[in-house]
Amino acid sequence: MTEEFAGAPGAVRASDRTAVTTAPDLVDEAVRARPATALRPYVAWYSGYRQRGLPPALHRGLPSPYLTFIVTLDEPLTMAGHPDPAQPPGRFATLLGGLHTAPALISHDGRQSGIQVAVHPLAARALFGLPAGELAELDVPAEAVLGAVAERLQEAVREARTWPERFAALDGALLRLAHPSGRVPPEVLRAWDALRRSGGALPVAALAEETGWSGRHLQDRFRRETGLTPKAAARVIRFDRARRLLAAPGPAPRLAELAVRCGYFDQAHLAREFRTLAGCAPTVWLAEEGADEAKFRNVQGGAAGPGSEWEA
């Protein structure tokens with residue numbers, strides 16, 4: 001491991017959630033952890049996963065308020081479908097995905113392994129040197145954005161022997177990439193923060209009033225930085241909250257109650273949004289990829305709550 005990707009000095013690693021299943025021909029590991037303290041304004045969490053000996057599966061990567069950055073370990077990530085249907089299927093050693101309003105489709109043959117990094121969208125300039133708007137609805141190899149840095153990062157993560165060591169390698173690499181950017185307009189920061197705090201319930205007119213911009217100007221600048229309009233971002237934030245509550249441990253909430261809690265007009269509205277953003281009904285998604293602990297291993301799967309908000 002090169003010095004460039006050594007672990008962050010003094011970093012304390014504690015997993016928020018760990019699940020390991022062992023059997024003679026079965027490997028099934030999932031470890032979720034928070035990044036080093038200095039990275040938390042940019043990154044919400046790390047999710048490590050490693051599976052062997054499981055049935056082949058197809059997983060939906062759902063829209064969320066975070067960019068997706070994946071570094072694979074033993075085999076590439078197979079994308080059977082992207083949020084933009086015009087983008088052809090492919091295999092990725094590393095992947096950087098923007099905010100999206102349609103599901104991605106990820107397949108595996110019983111084996112998959114890697115680490116997913118949940119990146120705050122307004123941190124894209126600081127970590128990747130470009131606004132998240134340039135990645136909207138796209139999945140690209142991370143090396144297309146980061147160059148050889150992405151390849152060296154993957155090598156460092158692969159050389160690590162344990163999950164804490166892999167997360168420490170990510171800490172070190174991302175800390176070296178992180179350069180606070182003053183190019184994100186403070187009005188967009190305020191609008192994004194207001195949307196997250198409201199759970200996606202704040203009307204666009206109220207956001208524009210809070211920023212002092214016209215609705216059209218806010219829409220243009222917000223989309224440039226995040227890849228979504230304020231209205232689309234509100235839909236994704238509201239949906240992300242609903243699907244996490246739906247998959248939380250314990251008895252599943254009634255859909256009518258969930259709709260009211262998350263700001264939908266009614267259960268029918270919730271169902272329509274689920275079909276649009278997830279590609280299936282809430283009950284279908286819950287049965288296929290919901291609260292069952294074993295399903296946590298899927299990329300973009302976990303049902304844990306959101307991390308800390310992005311800070312200017």
# chains A, B, ... in the order shown; residues from 1 in each chain; ligands from 1

$ closest_atom_pairs --of "stretch 150-187 of chain A" --to "stretch 100-123 of chain A" --cutoff "12 Å" --atoms "only C-alpha atoms" --output "tab-separated table"
residue	atom	partner	partner_atom	distance
A:Leu153	CA	A:Ile115	CA	11.6
A:Gln154	CA	A:Gly114	CA	9.6
A:Val157	CA	A:Ile115	CA	9.0
A:Arg158	CA	A:Gly114	CA	9.1
A:Trp163	CA	A:Ile115	CA	9.4
A:Pro164	CA	A:Ile115	CA	11.7
A:Arg166	CA	A:Ile115	CA	8.6
A:Phe167	CA	A:Ile115	CA	8.5
A:Ala169	CA	A:Ile115	CA	11.4
A:Leu170	CA	A:Val117	CA	9.1
A:Asp171	CA	A:Val117	CA	10.7
A:Leu174	CA	A:Val117	CA	10.4
A:Leu177	CA	A:Ala123	CA	11.2
A:Ala178	CA	A:Ala123	CA	8.7
A:His179	CA	A:Ala123	CA	9.5
A:Pro180	CA	A:Ala123	CA	8.2
A:Ser181	CA	A:Ala123	CA	8.2
A:Gly182	CA	A:Ala123	CA	10.7
A:Arg183	CA	A:Leu122	CA	10.1
A:Val184	CA	A:Leu122	CA	7.2
A:Pro185	CA	A:Leu122	CA	9.9
A:Pro186	CA	A:Leu122	CA	10.7
A:Glu187	CA	A:Leu122	CA	11.9

$ atom_distance --atom1 "atom CA of A:Ala132" --atom2 "atom CA of A:His269"
28.5 Å

$ residues_around --residues "stretch 134-142 of chain A" --least-positions-apart "4" --cutoff "8 Å" --atoms "only C-alpha atoms" --output "list in words"
Phe69, His82, Pro83, Asp84, Gln87, Phe92, Ala93, Thr94, Leu95, Leu96, Gly97, Gly98, Leu99, His100, Thr101, Leu130, Leu146, Gly147, Ala150, Arg224, Thr226, Gly227 and Leu228 of chain A

$ residues_around --residues "A:Gly263" --least-positions-apart "4" --cutoff "9 Å" --atoms "only C-alpha atoms" --output "list in words"
Gly199, Gly200, Ala201, Arg238, Leu258 and Ala259 of chain A

$ atom_distance --atom1 "atom CA of A:His217" --atom2 "atom CA of A:Arg235"
19.6 Å

$ residues_around --residues "A:Ser64" --least-positions-apart "2" --cutoff "7 Å" --atoms "only C-alpha atoms" --output "list in words"
Leu62, Tyr66, Leu99, Val236, Ile237 and Asp240 of chain A

$ select_by_dssp --residues "stretch 175-240 of chain A" --states "alpha helix (DSSP H)" --output "ChimeraX atom specification"
/A:175-177,186-198,204-211,215-226,230-240

$ closest_residue --among "A:Ser198, A:Gly215, A:Arg243, A:Gly129" --to "A:Val284" --atoms "only C-alpha atoms"
A:Arg243

$ atom_distance --atom1 "atom CA of A:Ala57" --atom2 "atom CA of A:Pro249"
22.5 Å

$ residues_around --residues "A:Ala281" --least-positions-apart "2" --cutoff "12 Å" --atoms "only C-alpha atoms" --output "ChimeraX atom specification"
/A:243,255,267-279,283-289

$ closest_residue --among "A:Ala168, A:Gly133, A:Thr162, A:Cys262" --to "A:Asp220" --atoms "only C-alpha atoms"
A:Gly133

$ select_by_dssp --residues "stretch 40-228 of chain A" --states "strand (DSSP E or B)" --output "PyMOL selection string"
chain A and resi 43-52+57-61+67-72+77-81+90-92+94-97+104-108+112-119+139-140

$ write_last_selection --atoms "C-alpha atoms" --output "PDB file, in the first residue's frame"
ATOM      1  CA  VAL A  43     -19.585  11.330   3.039  1.00  0.00           C
ATOM      2  CA  ALA A  44     -22.517   9.855   4.969  1.00  0.00           C
ATOM      3  CA  TRP A  45     -21.365   6.225   5.304  1.00  0.00           C
ATOM      4  CA  TYR A  46     -19.419   3.280   3.913  1.00  0.00           C
ATOM      5  CA  SER A  47     -21.176  -0.027   3.175  1.00  0.00           C
ATOM      6  CA  GLY A  48     -18.919  -3.032   2.688  1.00  0.00           C
ATOM      7  CA  TYR A  49     -20.320  -6.264   1.263  1.00  0.00           C
ATOM      8  CA  ARG A  50     -18.928  -9.678   0.277  1.00  0.00           C
ATOM      9  CA  GLN A  51     -21.001 -12.667  -0.811  1.00  0.00           C
ATOM     10  CA  ARG A  52     -20.178 -16.129  -2.164  1.00  0.00           C
ATOM     11  CA  ALA A  57     -30.001 -12.256  -8.133  1.00  0.00           C
ATOM     12  CA  LEU A  58     -31.119  -8.998  -9.712  1.00  0.00           C
ATOM     13  CA  HIS A  59     -31.224  -5.928  -7.445  1.00  0.00           C
ATOM     14  CA  ARG A  60     -32.776  -2.492  -7.885  1.00  0.00           C
ATOM     15  CA  GLY A  61     -30.493   0.425  -7.066  1.00  0.00           C
ATOM     16  CA  LEU A  67     -24.228  10.022  -5.073  1.00  0.00           C
ATOM     17  CA  THR A  68     -23.064   6.413  -5.417  1.00  0.00           C
ATOM     18  CA  PHE A  69     -19.324   5.691  -5.402  1.00  0.00           C
ATOM     19  CA  ILE A  70     -18.472   1.967  -5.520  1.00  0.00           C
ATOM     20  CA  VAL A  71     -15.040   0.363  -5.286  1.00  0.00           C
ATOM     21  CA  THR A  72     -15.206  -3.368  -6.039  1.00  0.00           C
ATOM     22  CA  LEU A  77     -20.003  -4.743 -10.632  1.00  0.00           C
ATOM     23  CA  THR A  78     -22.451  -5.873 -13.321  1.00  0.00           C
ATOM     24  CA  MET A  79     -24.958  -3.202 -14.323  1.00  0.00           C
ATOM     25  CA  ALA A  80     -27.835  -4.824 -16.157  1.00  0.00           C
ATOM     26  CA  GLY A  81     -29.597  -1.499 -16.570  1.00  0.00           C
ATOM     27  CA  GLY A  90     -21.689  -2.930 -18.523  1.00  0.00           C
ATOM     28  CA  ARG A  91     -19.225  -4.121 -15.907  1.00  0.00           C
ATOM     29  CA  PHE A  92     -17.403  -1.695 -13.625  1.00  0.00           C
ATOM     30  CA  THR A  94     -15.253   1.284  -9.894  1.00  0.00           C
ATOM     31  CA  LEU A  95     -18.438   3.253 -10.393  1.00  0.00           C
ATOM     32  CA  LEU A  96     -19.540   6.823  -9.793  1.00  0.00           C
ATOM     33  CA  GLY A  97     -23.254   7.454 -10.162  1.00  0.00           C
ATOM     34  CA  ALA A 104     -30.635   0.982 -11.703  1.00  0.00           C
ATOM     35  CA  LEU A 105     -30.500  -2.809 -12.145  1.00  0.00           C
ATOM     36  CA  ILE A 106     -27.560  -4.699 -10.670  1.00  0.00           C
ATOM     37  CA  SER A 107     -27.071  -8.419 -11.250  1.00  0.00           C
ATOM     38  CA  HIS A 108     -24.726 -10.991  -9.751  1.00  0.00           C
ATOM     39  CA  GLN A 112     -20.347  -9.819  -5.324  1.00  0.00           C
ATOM     40  CA  SER A 113     -18.012  -7.736  -3.184  1.00  0.00           C
ATOM     41  CA  GLY A 114     -17.030  -4.130  -2.731  1.00  0.00           C
ATOM     42  CA  ILE A 115     -17.599  -0.940  -0.792  1.00  0.00           C
ATOM     43  CA  GLN A 116     -20.282   1.622  -1.527  1.00  0.00           C
ATOM     44  CA  VAL A 117     -19.588   5.208  -0.460  1.00  0.00           C
ATOM     45  CA  ALA A 118     -22.638   7.453   0.045  1.00  0.00           C
ATOM     46  CA  VAL A 119     -21.480  10.917  -1.067  1.00  0.00           C
ATOM     47  CA  ASP A 139     -23.120   5.730 -14.063  1.00  0.00           C
ATOM     48  CA  VAL A 140     -19.484   6.154 -15.098  1.00  0.00           C
TER      49      VAL A 140
END

$ closest_residue --among "A:Trp192, A:Phe128, A:Tyr264, A:Tyr42" --to "A:Ala242" --atoms "only C-alpha atoms"
A:Tyr264

$ residues_around --residues "A:Thr229" --least-positions-apart "4" --cutoff "9 Å" --atoms "only C-alpha atoms" --output "PDB file with N, CA and C atoms, in the first residue's frame"
ATOM      1  N   LEU A 218     -33.596  29.583  -9.358  1.00  0.00           N
ATOM      2  CA  LEU A 218     -33.293  28.531  -8.387  1.00  0.00           C
ATOM      3  C   LEU A 218     -33.284  27.171  -9.073  1.00  0.00           C
ATOM      4  N   GLN A 219     -34.253  26.918  -9.925  1.00  0.00           N
ATOM      5  CA  GLN A 219     -34.307  25.632 -10.616  1.00  0.00           C
ATOM      6  C   GLN A 219     -33.056  25.392 -11.447  1.00  0.00           C
ATOM      7  N   ASP A 220     -32.622  26.403 -12.198  1.00  0.00           N
ATOM      8  CA  ASP A 220     -31.450  26.248 -13.056  1.00  0.00           C
ATOM      9  C   ASP A 220     -30.187  26.002 -12.244  1.00  0.00           C
ATOM     10  N   ARG A 221     -29.960  26.802 -11.197  1.00  0.00           N
ATOM     11  CA  ARG A 221     -28.741  26.658 -10.413  1.00  0.00           C
ATOM     12  C   ARG A 221     -28.756  25.376  -9.574  1.00  0.00           C
ATOM     13  N   PHE A 222     -29.913  25.030  -9.052  1.00  0.00           N
ATOM     14  CA  PHE A 222     -30.039  23.818  -8.249  1.00  0.00           C
ATOM     15  C   PHE A 222     -29.765  22.580  -9.104  1.00  0.00           C
ATOM     16  N   ARG A 223     -30.328  22.558 -10.310  1.00  0.00           N
ATOM     17  CA  ARG A 223     -30.105  21.408 -11.195  1.00  0.00           C
ATOM     18  C   ARG A 223     -28.641  21.335 -11.622  1.00  0.00           C
ATOM     19  N   ARG A 224     -28.010  22.475 -11.835  1.00  0.00           N
ATOM     20  CA  ARG A 224     -26.601  22.472 -12.234  1.00  0.00           C
ATOM     21  C   ARG A 224     -25.733  21.836 -11.152  1.00  0.00           C
ATOM     22  N   ALA A 233     -35.857  16.675  -6.668  1.00  0.00           N
ATOM     23  CA  ALA A 233     -35.108  16.348  -5.452  1.00  0.00           C
ATOM     24  C   ALA A 233     -36.057  16.085  -4.292  1.00  0.00           C
ATOM     25  N   ALA A 234     -37.109  16.885  -4.181  1.00  0.00           N
ATOM     26  CA  ALA A 234     -38.094  16.676  -3.120  1.00  0.00           C
ATOM     27  C   ALA A 234     -38.748  15.307  -3.259  1.00  0.00           C
TER      28      ALA A 234
END

$ closest_residue --among "A:Ala126, A:Arg241, A:Val145, A:Pro76" --to "A:Arg261" --atoms "only C-alpha atoms"
A:Arg241
